[in-house]
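Structure first, then comments.
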Protein chains: 2
Amino acid sequence: MNLFRPLPDVGDTEVVDRLFARPGLQIDRIVSRGQVSPPGFWYDEPRGEWVLLLAGAARLRFADEPAPRMLGPGDCIDIIPHRRHRVDWTDPDVATVWLTVFYG
Amino acid sequence: MNLFRPLPDVGDTEVVDRLFARPGLQIDRIVSRGQVSPPGFWYDEPRGEWVLLLAGAARLRFADEPAPRMLGPGDCIDIIPHRRHRVDWTDPDVATVWLTVFYG
């Protein structure tokens, strides 16, 4: 399995592939191309989520921070359970590839 | 935190950085530059290990497979507990960056 080839064609919605799952642990690849969270929508995830941006670029916003965070390849962040966040922007011109590790 | 910059200087031994840890889950970055497992040594890890090669190149060998596996950027593999394996080769000319997710 390779996370970069092939990359899926991304249409209207981002493409999520389950890479690994066991009780309490789920690893996904998400491929976006311009997709953002719906207006006014905030993720409020009961599980923790460790996120690594592998390719592309995105802007991640937290409800408890005034400024969004620009993410590029190699940037990683742990999002604790119920920390409200949304994706404000992903690059419309290239594939943005995320690795997400949900735990707990 | 960014996994690619800065990269640590790798001397005689590979460099391991703990990125995240909680009971039953540990995420590390490992940076190698030519390091291999000692002759005759096999990892026999009681935890499962989901591995993603982020940069560089490596050759991973399993005791139960005749041929080694060449890994490049984006290649990932789940190594179940106690599946004996070793790293036969890593590129001596560039940094090889691994993401390892230990579970269980």
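Ligands are numbered from 1 in the order shown, chains are lettered A, B, ... in the order of the structure tokens, and residues start at 1 in each chain.
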All strand (DSSP E) positions in chain B, as a PyMOL selection string:
chain B and resi 15-22+25-32+48-55+58-62+69-71+76-79+85-90+96-103
Ile79 (chain B) surroundings by only C-alpha atoms, 8 Å radius, close-in-sequence under 5 positions cut, as a ChimeraX atom specification
/B:48-51
Selection near Pro8 (chain B), 10 Å with only C-alpha atoms, sequence-local residues under 5 positions removed, as a list in words
Glu14, Val15, Val16, Asp17, Ile30, Val31, Ser32 and Ala95 of chain B
Mind listing as a list in words which residues of chain A are within 8 Å of chain B, counting only C-alpha atoms?
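Matching residues, ligands excluded from the count: Met1, Asn2, Leu3, Phe4, Arg5, Phe20, Pro73, Gly74, Asp75, Cys76, Ile77 and Asp78 of chain A.
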Which residue out of B:Pro6, B:Pro66, B:Pro92, B:Pro81 has the minimum interatomic distance to Glu45 (chain B) when only C-alpha atoms are used?
B:Pro81
